[in-house]
>>> print(open('final-v7.pdb').read())   # PDB, C-alpha atoms
ATOM      1  CA  MET A   1     157.507  90.102 111.399  1.00  0.00           C
ATOM      2  CA  PRO A   2     154.391  92.325 111.530  1.00  0.00           C
ATOM      3  CA  GLY A   3     151.406  90.955 113.415  1.00  0.00           C
ATOM      4  CA  PRO A   4     148.218  90.062 111.537  1.00  0.00           C
ATOM      5  CA  PHE A   5     146.455  93.327 112.422  1.00  0.00           C
ATOM      6  CA  ASN A   6     149.329  95.539 111.300  1.00  0.00           C
ATOM      7  CA  ASN A   7     148.123  94.903 107.790  1.00  0.00           C
ATOM      8  CA  GLY A   8     145.443  97.527 107.020  1.00  0.00           C
ATOM      9  CA  ALA A   9     143.690  95.469 104.372  1.00  0.00           C
ATOM     10  CA  LEU A  10     143.483  92.433 106.642  1.00  0.00           C
ATOM     11  CA  PHE A  11     142.246  94.631 109.521  1.00  0.00           C
ATOM     12  CA  ASN A  12     139.413  96.048 107.410  1.00  0.00           C
ATOM     13  CA  LYS A  13     138.571  92.617 106.046  1.00  0.00           C
ATOM     14  CA  VAL A  14     138.202  91.137 109.529  1.00  0.00           C
ATOM     15  CA  VAL A  15     137.038  94.004 111.757  1.00  0.00           C
ATOM     16  CA  HIS A  16     134.607  95.838 109.463  1.00  0.00           C
ATOM     17  CA  PRO A  17     132.262  92.847 109.071  1.00  0.00           C
ATOM     18  CA  ILE A  18     132.465  92.282 112.819  1.00  0.00           C
ATOM     19  CA  SER A  19     131.400  95.883 113.501  1.00  0.00           C
ATOM     20  CA  GLN A  20     128.504  95.491 111.090  1.00  0.00           C
ATOM     21  CA  GLY A  21     127.531  92.289 112.838  1.00  0.00           C
ATOM     22  CA  VAL A  22     127.592  94.021 116.231  1.00  0.00           C
ATOM     23  CA  GLY A  23     125.231  96.654 114.863  1.00  0.00           C
ATOM     24  CA  SER A  24     122.891  93.961 113.590  1.00  0.00           C
ATOM     25  CA  VAL A  25     122.941  92.208 116.975  1.00  0.00           C
ATOM     26  CA  VAL A  26     122.138  95.494 118.746  1.00  0.00           C
ATOM     27  CA  ASP A  27     119.234  96.100 116.355  1.00  0.00           C
ATOM     28  CA  LEU A  28     118.013  92.547 117.047  1.00  0.00           C
ATOM     29  CA  PHE A  29     117.773  93.037 120.810  1.00  0.00           C
ATOM     30  CA  LEU A  30     117.159  96.814 120.866  1.00  0.00           C
ATOM     31  CA  PRO A  31     115.387  97.453 117.550  1.00  0.00           C
ATOM     32  CA  ARG A  32     115.003 100.984 116.285  1.00  0.00           C
ATOM     33  CA  LEU A  33     111.332 101.760 115.819  1.00  0.00           C
ATOM     34  CA  CYS A  34     109.610 103.799 113.146  1.00  0.00           C
ATOM     35  CA  ALA A  35     108.345 107.104 114.560  1.00  0.00           C
ATOM     36  CA  GLY A  36     105.220 106.785 112.442  1.00  0.00           C
ATOM     37  CA  CYS A  37     103.995 103.249 113.115  1.00  0.00           C
ATOM     38  CA  ASP A  38     106.406 101.716 115.700  1.00  0.00           C
ATOM     39  CA  ALA A  39     107.469  98.959 113.313  1.00  0.00           C
ATOM     40  CA  ALA A  40     111.107  97.859 113.514  1.00  0.00           C
ATOM     41  CA  LEU A  41     113.284  99.823 111.108  1.00  0.00           C
ATOM     42  CA  MET A  42     115.508  98.178 108.534  1.00  0.00           C
ATOM     43  CA  SER A  43     119.223  98.971 108.673  1.00  0.00           C
ATOM     44  CA  ARG A  44     119.065 101.621 105.929  1.00  0.00           C
ATOM     45  CA  GLU A  45     115.919 103.312 107.226  1.00  0.00           C
ATOM     46  CA  LYS A  46     116.343 106.290 109.514  1.00  0.00           C
ATOM     47  CA  ALA A  47     113.469 107.557 111.636  1.00  0.00           C
ATOM     48  CA  LEU A  48     110.655 106.413 109.351  1.00  0.00           C
ATOM     49  CA  CYS A  49     110.017 103.137 107.595  1.00  0.00           C
ATOM     50  CA  LEU A  50     109.598 103.174 103.833  1.00  0.00           C
ATOM     51  CA  SER A  51     105.848 102.645 104.119  1.00  0.00           C
ATOM     52  CA  CYS A  52     105.342 105.655 106.429  1.00  0.00           C
ATOM     53  CA  THR A  53     107.631 107.802 104.289  1.00  0.00           C
ATOM     54  CA  GLU A  54     105.499 107.032 101.256  1.00  0.00           C
ATOM     55  CA  ASP A  55     102.292 107.670 103.219  1.00  0.00           C
ATOM     56  CA  LEU A  56     103.248 111.087 104.645  1.00  0.00           C
ATOM     57  CA  PRO A  57     100.172 113.349 104.263  1.00  0.00           C
ATOM     58  CA  LEU A  58     101.968 116.127 102.384  1.00  0.00           C
ATOM     59  CA  THR A  59     100.084 119.420 102.095  1.00  0.00           C
ATOM     60  CA  ARG A  60     101.680 120.669  98.855  1.00  0.00           C
ATOM     61  CA  PHE A  61     100.845 124.193 100.109  1.00  0.00           C
ATOM     62  CA  HIS A  62     104.209 125.795  99.452  1.00  0.00           C
ATOM     63  CA  GLY A  63     103.609 127.476  96.097  1.00  0.00           C
ATOM     64  CA  ASP A  64     100.099 128.715  96.885  1.00  0.00           C
ATOM     65  CA  PRO A  65      99.886 132.232  98.410  1.00  0.00           C
ATOM     66  CA  THR A  66      96.271 131.559  99.458  1.00  0.00           C
ATOM     67  CA  ASN A  67      96.940 128.268 101.243  1.00  0.00           C
ATOM     68  CA  PRO A  68      95.294 127.625 104.645  1.00  0.00           C
ATOM     69  CA  VAL A  69      98.462 128.382 106.647  1.00  0.00           C
ATOM     70  CA  GLU A  70      98.807 131.804 105.032  1.00  0.00           C
ATOM     71  CA  ARG A  71      95.134 132.524 105.685  1.00  0.00           C
ATOM     72  CA  VAL A  72      95.720 131.980 109.425  1.00  0.00           C
ATOM     73  CA  PHE A  73      97.780 135.189 109.411  1.00  0.00           C
ATOM     74  CA  TRP A  74      95.710 137.320 107.023  1.00  0.00           C
ATOM     75  CA  GLY A  75      94.856 140.664 108.624  1.00  0.00           C
ATOM     76  CA  LYS A  76      97.410 140.089 111.412  1.00  0.00           C
ATOM     77  CA  LEU A  77     100.871 139.945 109.845  1.00  0.00           C
ATOM     78  CA  GLU A  78     102.678 140.801 106.650  1.00  0.00           C
ATOM     79  CA  LEU A  79     104.464 137.558 105.774  1.00  0.00           C
ATOM     80  CA  GLU A  80     106.468 136.721 102.684  1.00  0.00           C
ATOM     81  CA  ALA A  81     105.168 133.144 102.667  1.00  0.00           C
ATOM     82  CA  ALA A  82     103.795 130.534 105.046  1.00  0.00           C
ATOM     83  CA  THR A  83     103.337 126.789 104.732  1.00  0.00           C
ATOM     84  CA  ALA A  84     103.336 123.437 106.484  1.00  0.00           C
ATOM     85  CA  LEU A  85     104.806 120.141 105.386  1.00  0.00           C
ATOM     86  CA  LEU A  86     102.043 117.801 106.582  1.00  0.00           C
ATOM     87  CA  HIS A  87      98.367 117.680 107.433  1.00  0.00           C
ATOM     88  CA  PHE A  88      97.848 116.965 111.142  1.00  0.00           C
ATOM     89  CA  ASP A  89      95.727 113.878 111.706  1.00  0.00           C
ATOM     90  CA  LYS A  90      94.492 113.608 115.295  1.00  0.00           C
ATOM     91  CA  GLY A  91      95.453 110.220 116.681  1.00  0.00           C
ATOM     92  CA  GLY A  92      97.318 109.391 113.485  1.00  0.00           C
ATOM     93  CA  MET A  93     100.861 109.155 112.234  1.00  0.00           C
ATOM     94  CA  VAL A  94     101.700 112.863 112.311  1.00  0.00           C
ATOM     95  CA  GLN A  95     100.546 113.304 115.891  1.00  0.00           C
ATOM     96  CA  HIS A  96     102.516 110.196 116.853  1.00  0.00           C
ATOM     97  CA  MET A  97     105.695 111.590 115.261  1.00  0.00           C
ATOM     98  CA  LEU A  98     105.334 114.975 116.945  1.00  0.00           C
ATOM     99  CA  HIS A  99     104.652 113.332 120.311  1.00  0.00           C
ATOM    100  CA  ARG A 100     107.863 111.335 120.006  1.00  0.00           C
ATOM    101  CA  LEU A 101     109.787 114.452 119.047  1.00  0.00           C
ATOM    102  CA  LYS A 102     108.465 116.637 121.862  1.00  0.00           C
ATOM    103  CA  TYR A 103     108.024 114.222 124.757  1.00  0.00           C
ATOM    104  CA  LYS A 104     110.008 111.047 124.071  1.00  0.00           C
ATOM    105  CA  GLY A 105     113.412 112.521 123.247  1.00  0.00           C
ATOM    106  CA  ASP A 106     113.297 111.255 119.664  1.00  0.00           C
ATOM    107  CA  LYS A 107     115.486 113.848 117.966  1.00  0.00           C
ATOM    108  CA  GLU A 108     116.056 111.652 114.930  1.00  0.00           C
ATOM    109  CA  ILE A 109     112.478 112.100 113.750  1.00  0.00           C
ATOM    110  CA  GLY A 110     112.907 115.861 114.141  1.00  0.00           C
ATOM    111  CA  LEU A 111     116.042 115.793 112.012  1.00  0.00           C
ATOM    112  CA  GLU A 112     114.320 113.658 109.386  1.00  0.00           C
ATOM    113  CA  LEU A 113     111.277 115.934 109.239  1.00  0.00           C
ATOM    114  CA  GLY A 114     113.589 118.936 108.986  1.00  0.00           C
ATOM    115  CA  ARG A 115     115.337 117.341 106.020  1.00  0.00           C
ATOM    116  CA  HIS A 116     111.972 116.776 104.325  1.00  0.00           C
ATOM    117  CA  MET A 117     110.955 120.395 104.986  1.00  0.00           C
ATOM    118  CA  ALA A 118     114.160 121.767 103.505  1.00  0.00           C
ATOM    119  CA  THR A 119     113.993 119.550 100.428  1.00  0.00           C
ATOM    120  CA  GLU A 120     110.487 120.751  99.619  1.00  0.00           C
ATOM    121  CA  LEU A 121     111.083 124.455 100.264  1.00  0.00           C
ATOM    122  CA  MET A 122     114.329 124.568  98.303  1.00  0.00           C
ATOM    123  CA  ALA A 123     112.305 123.657  95.215  1.00  0.00           C
ATOM    124  CA  CYS A 124     109.792 126.495  95.770  1.00  0.00           C
ATOM    125  CA  PRO A 125     110.599 129.974  94.353  1.00  0.00           C
ATOM    126  CA  ARG A 126     108.528 131.681  97.076  1.00  0.00           C
ATOM    127  CA  PHE A 127     111.138 130.624  99.632  1.00  0.00           C
ATOM    128  CA  GLY A 128     114.129 131.207  97.373  1.00  0.00           C
ATOM    129  CA  SER A 129     115.303 134.408  99.075  1.00  0.00           C
ATOM    130  CA  VAL A 130     115.315 132.984 102.615  1.00  0.00           C
ATOM    131  CA  ASP A 131     118.783 133.490 104.086  1.00  0.00           C
ATOM    132  CA  LEU A 132     118.350 132.644 107.775  1.00  0.00           C
ATOM    133  CA  LEU A 133     116.560 129.856 109.670  1.00  0.00           C
ATOM    134  CA  LEU A 134     115.149 130.638 113.102  1.00  0.00           C
ATOM    135  CA  ALA A 135     113.576 128.141 115.502  1.00  0.00           C
ATOM    136  CA  VAL A 136     110.667 129.311 117.639  1.00  0.00           C
ATOM    137  CA  PRO A 137     112.274 129.416 121.090  1.00  0.00           C
ATOM    138  CA  LEU A 138     111.253 127.758 124.317  1.00  0.00           C
ATOM    139  CA  HIS A 139     111.627 129.491 127.639  1.00  0.00           C
ATOM    140  CA  PRO A 140     115.108 128.540 128.989  1.00  0.00           C
ATOM    141  CA  ARG A 141     113.625 126.757 132.000  1.00  0.00           C
ATOM    142  CA  LYS A 142     111.338 124.645 129.827  1.00  0.00           C
ATOM    143  CA  GLU A 143     114.191 123.863 127.455  1.00  0.00           C
ATOM    144  CA  ARG A 144     116.342 122.700 130.373  1.00  0.00           C
ATOM    145  CA  GLN A 145     113.536 120.454 131.583  1.00  0.00           C
ATOM    146  CA  ARG A 146     113.036 118.922 128.128  1.00  0.00           C
ATOM    147  CA  GLY A 147     116.729 118.856 127.310  1.00  0.00           C
ATOM    148  CA  TYR A 148     116.330 120.474 123.884  1.00  0.00           C
ATOM    149  CA  ASN A 149     114.091 122.698 121.781  1.00  0.00           C
ATOM    150  CA  GLN A 150     112.170 120.567 119.286  1.00  0.00           C
ATOM    151  CA  SER A 151     111.987 123.445 116.801  1.00  0.00           C
ATOM    152  CA  GLN A 152     115.772 123.786 116.875  1.00  0.00           C
ATOM    153  CA  VAL A 153     116.062 120.075 116.080  1.00  0.00           C
ATOM    154  CA  LEU A 154     113.933 120.711 112.979  1.00  0.00           C
ATOM    155  CA  VAL A 155     116.239 123.581 112.007  1.00  0.00           C
ATOM    156  CA  ASP A 156     119.275 121.334 112.497  1.00  0.00           C
ATOM    157  CA  GLY A 157     117.765 118.836 110.066  1.00  0.00           C
ATOM    158  CA  MET A 158     116.985 121.602 107.576  1.00  0.00           C
ATOM    159  CA  THR A 159     120.547 122.931 107.623  1.00  0.00           C
ATOM    160  CA  GLU A 160     121.883 119.477 106.733  1.00  0.00           C
ATOM    161  CA  VAL A 161     120.111 119.772 103.388  1.00  0.00           C
ATOM    162  CA  TRP A 162     119.730 123.481 102.730  1.00  0.00           C
ATOM    163  CA  GLY A 163     123.012 124.820 104.046  1.00  0.00           C
ATOM    164  CA  LEU A 164     121.449 128.046 105.356  1.00  0.00           C
ATOM    165  CA  PRO A 165     122.764 129.348 108.687  1.00  0.00           C
ATOM    166  CA  PRO A 166     120.602 129.023 111.793  1.00  0.00           C
ATOM    167  CA  ALA A 167     120.032 132.228 113.767  1.00  0.00           C
ATOM    168  CA  GLN A 168     120.664 130.718 117.158  1.00  0.00           C
ATOM    169  CA  GLN A 169     119.853 132.784 120.255  1.00  0.00           C
ATOM    170  CA  ARG A 170     118.664 135.804 118.239  1.00  0.00           C
ATOM    171  CA  LEU A 171     115.063 135.445 119.421  1.00  0.00           C
ATOM    172  CA  MET A 172     114.408 134.729 123.072  1.00  0.00           C
ATOM    173  CA  ARG A 173     111.323 133.628 124.930  1.00  0.00           C
ATOM    174  CA  VAL A 174     111.350 135.983 127.885  1.00  0.00           C
ATOM    175  CA  VAL A 175     108.057 134.941 129.486  1.00  0.00           C
ATOM    176  CA  ARG A 176     107.300 131.375 130.485  1.00  0.00           C
ATOM    177  CA  THR A 177     103.784 131.005 129.109  1.00  0.00           C
ATOM    178  CA  PRO A 178     101.360 128.258 130.146  1.00  0.00           C
ATOM    179  CA  SER A 179     100.606 125.489 127.674  1.00  0.00           C
ATOM    180  CA  GLN A 180      98.596 126.573 124.637  1.00  0.00           C
ATOM    181  CA  THR A 181      96.943 123.189 124.180  1.00  0.00           C
ATOM    182  CA  ARG A 182      93.550 123.899 125.792  1.00  0.00           C
ATOM    183  CA  LYS A 183      93.321 127.631 125.073  1.00  0.00           C
ATOM    184  CA  GLY A 184      91.006 129.360 122.611  1.00  0.00           C
ATOM    185  CA  ARG A 185      92.194 131.720 119.864  1.00  0.00           C
ATOM    186  CA  MET A 186      92.072 134.950 121.912  1.00  0.00           C
ATOM    187  CA  ASP A 187      93.573 133.343 125.014  1.00  0.00           C
ATOM    188  CA  ARG A 188      96.417 131.910 122.915  1.00  0.00           C
ATOM    189  CA  TRP A 189      97.190 135.338 121.478  1.00  0.00           C
ATOM    190  CA  LEU A 190      97.108 137.054 124.898  1.00  0.00           C
ATOM    191  CA  ASN A 191      99.276 134.233 126.235  1.00  0.00           C
ATOM    192  CA  VAL A 192     102.204 134.981 123.897  1.00  0.00           C
ATOM    193  CA  LYS A 193     101.787 138.544 122.576  1.00  0.00           C
ATOM    194  CA  GLU A 194     104.681 139.879 124.685  1.00  0.00           C
ATOM    195  CA  ALA A 195     106.586 136.635 125.271  1.00  0.00           C
ATOM    196  CA  PHE A 196     109.474 137.231 122.832  1.00  0.00           C
ATOM    197  CA  ASP A 197     112.409 139.605 122.599  1.00  0.00           C
ATOM    198  CA  LEU A 198     115.538 139.976 120.442  1.00  0.00           C
ATOM    199  CA  SER A 199     119.098 139.627 121.664  1.00  0.00           C
ATOM    200  CA  ASP A 200     120.961 140.968 118.598  1.00  0.00           C
ATOM    201  CA  VAL A 201     118.989 143.313 116.374  1.00  0.00           C
ATOM    202  CA  ARG A 202     121.802 144.307 114.017  1.00  0.00           C
ATOM    203  CA  ALA A 203     122.525 140.719 112.997  1.00  0.00           C
ATOM    204  CA  LEU A 204     118.971 140.436 111.653  1.00  0.00           C
ATOM    205  CA  GLU A 205     118.689 143.723 109.764  1.00  0.00           C
ATOM    206  CA  GLY A 206     117.668 143.277 106.130  1.00  0.00           C
ATOM    207  CA  ARG A 207     117.381 139.495 106.384  1.00  0.00           C
ATOM    208  CA  HIS A 208     114.664 137.178 105.108  1.00  0.00           C
ATOM    209  CA  ILE A 209     114.049 134.949 108.115  1.00  0.00           C
ATOM    210  CA  LEU A 210     112.255 131.618 107.991  1.00  0.00           C
ATOM    211  CA  LEU A 211     110.540 130.895 111.327  1.00  0.00           C
ATOM    212  CA  VAL A 212     110.384 127.162 112.042  1.00  0.00           C
ATOM    213  CA  ASP A 213     107.990 125.422 114.441  1.00  0.00           C
ATOM    214  CA  ASP A 214     106.385 122.010 114.893  1.00  0.00           C
ATOM    215  CA  VAL A 215     102.688 122.771 114.363  1.00  0.00           C
ATOM    216  CA  VAL A 216     100.411 125.722 113.556  1.00  0.00           C
ATOM    217  CA  THR A 217      96.824 125.907 114.818  1.00  0.00           C
ATOM    218  CA  THR A 218      95.741 129.467 115.652  1.00  0.00           C
ATOM    219  CA  GLY A 219      99.196 130.819 114.802  1.00  0.00           C
ATOM    220  CA  ALA A 220      99.460 132.775 118.064  1.00  0.00           C
ATOM    221  CA  THR A 221     102.988 131.688 118.960  1.00  0.00           C
ATOM    222  CA  LEU A 222     104.322 132.323 115.469  1.00  0.00           C
ATOM    223  CA  GLU A 223     102.560 135.678 115.417  1.00  0.00           C
ATOM    224  CA  GLY A 224     104.282 136.680 118.656  1.00  0.00           C
ATOM    225  CA  CYS A 225     107.669 135.733 117.205  1.00  0.00           C
ATOM    226  CA  ALA A 226     107.042 137.505 113.916  1.00  0.00           C
ATOM    227  CA  ARG A 227     105.931 140.719 115.630  1.00  0.00           C
ATOM    228  CA  ALA A 228     109.183 140.806 117.588  1.00  0.00           C
ATOM    229  CA  LEU A 229     111.207 140.223 114.420  1.00  0.00           C
ATOM    230  CA  GLN A 230     109.350 142.815 112.384  1.00  0.00           C
ATOM    231  CA  LYS A 231     110.563 145.557 114.705  1.00  0.00           C
ATOM    232  CA  VAL A 232     113.964 145.131 113.027  1.00  0.00           C
ATOM    233  CA  THR A 233     114.775 147.334 110.047  1.00  0.00           C
ATOM    234  CA  GLY A 234     114.313 145.602 106.696  1.00  0.00           C
ATOM    235  CA  VAL A 235     113.387 142.185 108.089  1.00  0.00           C
ATOM    236  CA  ARG A 236     111.102 139.939 106.063  1.00  0.00           C
ATOM    237  CA  VAL A 237     109.524 136.912 107.704  1.00  0.00           C
ATOM    238  CA  SER A 238     108.260 133.597 106.356  1.00  0.00           C
ATOM    239  CA  VAL A 239     106.897 130.636 108.295  1.00  0.00           C
ATOM    240  CA  VAL A 240     107.110 126.864 107.983  1.00  0.00           C
ATOM    241  CA  THR A 241     105.867 124.181 110.353  1.00  0.00           C
ATOM    242  CA  VAL A 242     105.849 120.410 110.279  1.00  0.00           C
ATOM    243  CA  ALA A 243     102.070 120.235 110.475  1.00  0.00           C
ATOM    244  CA  PHE A 244      98.916 122.255 109.988  1.00  0.00           C
ATOM    245  CA  ALA A 245      96.090 121.399 112.360  1.00  0.00           C
TER     246      ALA A 245
END
>>> encode(input="final-v7.pdb", output="structure tokens")
Amino acid sequence: MPGPFNNGALFNKVVHPISQGVGSVVDLFLPRLCAGCDAALMSREKALCLSCTEDLPLTRFHGDPTNPVERVFWGKLELEAATALLHFDKGGMVQHMLHRLKYKGDKEIGLELGRHMATELMACPRFGSVDLLLAVPLHPRKERQRGYNQSQVLVDGMTEVWGLPPAQQRLMRVVRTPSQTRKGRMDRWLNVKEAFDLSDVRALEGRHILLVDDVVTTGATLEGCARALQKVTGVRVSVVTVAFA
């Protein structure tokens, strides 16, 4: 006679609720916290609670060729399009999310933000010809110290929704530059103007590449990346970041 758990229906009836209960117990003692406000997340919420998701300070820049992100690069670069998902609010929710992504190992918020970015850009004709996603690289030593590249996490989230291929390892950071945080505009540009190189030029020829980063302020880092890419025949470059500061 078969034992009670040889019956698949009975197994699912008994074990599946138990597994759900274990998850609930784990959440009770080790609650997942919202990356925006640190409130405990409900079981169906991912990195952000419903309230923070509804309160995201969206820029709605994407369809405007004169938006503030594009103006950062006027007179410096020929870009197809540039935008940011969110307004940066110092000391607020956006800064809190980015801090968790970059310094607290919270990859889930990076994936969630990447999914939001992709959803918005897919609906915008100005980004319709993008065929390759490229994360702004970290220097290998810094990436080893952090354990990951936060911009690549954003790209990973974008590919879940958009389905475009990531251009991994095509652009390399060949100089370990000091932090940009306390530098002025000129110092930021001098800090990164020769920091990037390409590992496989032919794979990028004729492509429309979307550069992805976490935040744009002076645009120096993105400018350094774009200048390296624009040495490739037929390359077109667009830019998207999580936030505009």
>>> atom_distance(input="final-v7.pdb", atom1="CA of Asn149 (chain A)", atom2="CA of Asp89 (chain A)")
22.7 Å
>>> closest_residue(input="final-v7.pdb", among="A:Glu78, A:Glu205, A:Leu48, A:Gly91", to="His116 (chain A)", atoms="all atoms listed in the file")
A:Leu48
>>> resolve_selection(input="final-v7.pdb", expression="the PyMOL selection byres ((chain A and resi 215-230) around 8)", output="PDB file with C-alpha atoms, keeping the file's coordinate frame")
ATOM      1  CA  VAL A  69      98.462 128.382 106.647  1.00  0.00           C
ATOM      2  CA  VAL A  72      95.720 131.980 109.425  1.00  0.00           C
ATOM      3  CA  PHE A  73      97.780 135.189 109.411  1.00  0.00           C
ATOM      4  CA  LYS A  76      97.410 140.089 111.412  1.00  0.00           C
ATOM      5  CA  LEU A  77     100.871 139.945 109.845  1.00  0.00           C
ATOM      6  CA  ALA A  84     103.336 123.437 106.484  1.00  0.00           C
ATOM      7  CA  VAL A 136     110.667 129.311 117.639  1.00  0.00           C
ATOM      8  CA  LEU A 171     115.063 135.445 119.421  1.00  0.00           C
ATOM      9  CA  ARG A 185      92.194 131.720 119.864  1.00  0.00           C
ATOM     10  CA  ARG A 188      96.417 131.910 122.915  1.00  0.00           C
ATOM     11  CA  TRP A 189      97.190 135.338 121.478  1.00  0.00           C
ATOM     12  CA  VAL A 192     102.204 134.981 123.897  1.00  0.00           C
ATOM     13  CA  LYS A 193     101.787 138.544 122.576  1.00  0.00           C
ATOM     14  CA  GLU A 194     104.681 139.879 124.685  1.00  0.00           C
ATOM     15  CA  ALA A 195     106.586 136.635 125.271  1.00  0.00           C
ATOM     16  CA  PHE A 196     109.474 137.231 122.832  1.00  0.00           C
ATOM     17  CA  ASP A 197     112.409 139.605 122.599  1.00  0.00           C
ATOM     18  CA  LEU A 198     115.538 139.976 120.442  1.00  0.00           C
ATOM     19  CA  LEU A 211     110.540 130.895 111.327  1.00  0.00           C
ATOM     20  CA  ASP A 213     107.990 125.422 114.441  1.00  0.00           C
ATOM     21  CA  ASP A 214     106.385 122.010 114.893  1.00  0.00           C
ATOM     22  CA  LYS A 231     110.563 145.557 114.705  1.00  0.00           C
ATOM     23  CA  VAL A 232     113.964 145.131 113.027  1.00  0.00           C
ATOM     24  CA  THR A 233     114.775 147.334 110.047  1.00  0.00           C
ATOM     25  CA  VAL A 235     113.387 142.185 108.089  1.00  0.00           C
ATOM     26  CA  ARG A 236     111.102 139.939 106.063  1.00  0.00           C
ATOM     27  CA  VAL A 237     109.524 136.912 107.704  1.00  0.00           C
ATOM     28  CA  VAL A 239     106.897 130.636 108.295  1.00  0.00           C
ATOM     29  CA  THR A 241     105.867 124.181 110.353  1.00  0.00           C
ATOM     30  CA  VAL A 242     105.849 120.410 110.279  1.00  0.00           C
ATOM     31  CA  ALA A 243     102.070 120.235 110.475  1.00  0.00           C
ATOM     32  CA  PHE A 244      98.916 122.255 109.988  1.00  0.00           C
ATOM     33  CA  ALA A 245      96.090 121.399 112.360  1.00  0.00           C
TER      34      ALA A 245
END
>>> atom_distance(input="final-v7.pdb", atom1="CA of Val174 (chain A)", atom2="CA of Asp200 (chain A)")
14.3 Å
>>> atom_distance(input="final-v7.pdb", atom1="CA of Gly157 (chain A)", atom2="CA of Leu113 (chain A)")
7.2 Å
>>> closest_residue(input="final-v7.pdb", among="A:Gly110, A:Lys102, A:Leu56, A:Thr119", to="Phe88 (chain A)", atoms="all atoms listed in the file")
A:Leu56
>>> residues_around(input="final-v7.pdb", residues="Met117 (chain A)", least_positions_apart="4", cutoff="7 Å", atoms="all atoms listed in the file", output="list in words")
Leu85, Leu113, Leu121 and Met158 of chain A
>>> resolve_selection(input="final-v7.pdb", expression="the PyMOL selection byres ((chain A and resi 128-135) around 7)", output="MDAnalysis selection string")
chainID A and resid 122 124:127 136:137 151:152 155 164:168 207:213
>>> closest_residue(input="final-v7.pdb", among="A:Arg32, A:Cys37, A:His99, A:Gly234", to="Ser51 (chain A)", atoms="all atoms listed in the file")
A:Cys37
>>> resolve_selection(input="final-v7.pdb", expression="the PyMOL selection byres ((chain A and resi 60) around 10)", output="PyMOL selection string")
chain A and resi 57-59+61-64+67+83-87+120
>>> axis_aligned_box(input="final-v7.pdb", around="region 128-132 of chain A", padding_each_side="3 Å", output="AutoDock Vina command-line options")
--center_x 116.5 --center_y 132.8 --center_z 102.6 --size_x 10.7 --size_y 9.2 --size_z 16.4
>>> closest_residue(input="final-v7.pdb", among="A:Leu98, A:Val161, A:Leu154, A:Met172", to="His139 (chain A)", atoms="only C-alpha atoms")
A:Met172
>>> build_atoms(input="final-v7.pdb", residues="region 50-62 of chain A", atoms="N, CA and C atoms", output="tab-separated table (two decimals), in the coordinates of the input")
chain	number	residue	atom	x	y	z
A	50	LEU	N	109.91	102.81	105.21
A	50	LEU	CA	109.60	103.17	103.83
A	50	LEU	C	108.10	103.38	103.64
A	51	SER	N	107.30	102.54	104.27
A	51	SER	CA	105.85	102.64	104.12
A	51	SER	C	105.33	103.98	104.65
A	52	CYS	N	105.79	104.38	105.85
A	52	CYS	CA	105.34	105.66	106.43
A	52	CYS	C	105.87	106.83	105.62
A	53	THR	N	107.08	106.73	105.12
A	53	THR	CA	107.63	107.80	104.29
A	53	THR	C	106.76	108.02	103.06
A	54	GLU	N	106.34	106.93	102.45
A	54	GLU	CA	105.50	107.03	101.26
A	54	GLU	C	104.09	107.52	101.58
A	55	ASP	N	103.65	107.30	102.83
A	55	ASP	CA	102.29	107.67	103.22
A	55	ASP	C	102.20	109.02	103.91
A	56	LEU	N	103.30	109.78	103.99
A	56	LEU	CA	103.25	111.09	104.64
A	56	LEU	C	102.17	111.95	104.00
A	57	PRO	N	101.27	112.54	104.82
A	57	PRO	CA	100.17	113.35	104.26
A	57	PRO	C	100.65	114.76	103.89
A	58	LEU	N	101.39	114.86	102.80
A	58	LEU	CA	101.97	116.13	102.38
A	58	LEU	C	100.88	117.13	102.01
A	59	THR	N	101.08	118.39	102.39
A	59	THR	CA	100.08	119.42	102.10
A	59	THR	C	100.21	119.95	100.67
A	60	ARG	N	101.43	120.04	100.15
A	60	ARG	CA	101.68	120.67	98.86
A	60	ARG	C	101.21	122.13	98.84
A	61	PHE	N	101.28	122.81	99.99
A	61	PHE	CA	100.84	124.19	100.11
A	61	PHE	C	101.86	125.21	99.58
A	62	HIS	N	103.11	124.84	99.47
A	62	HIS	CA	104.21	125.80	99.45
A	62	HIS	C	104.10	126.87	98.37
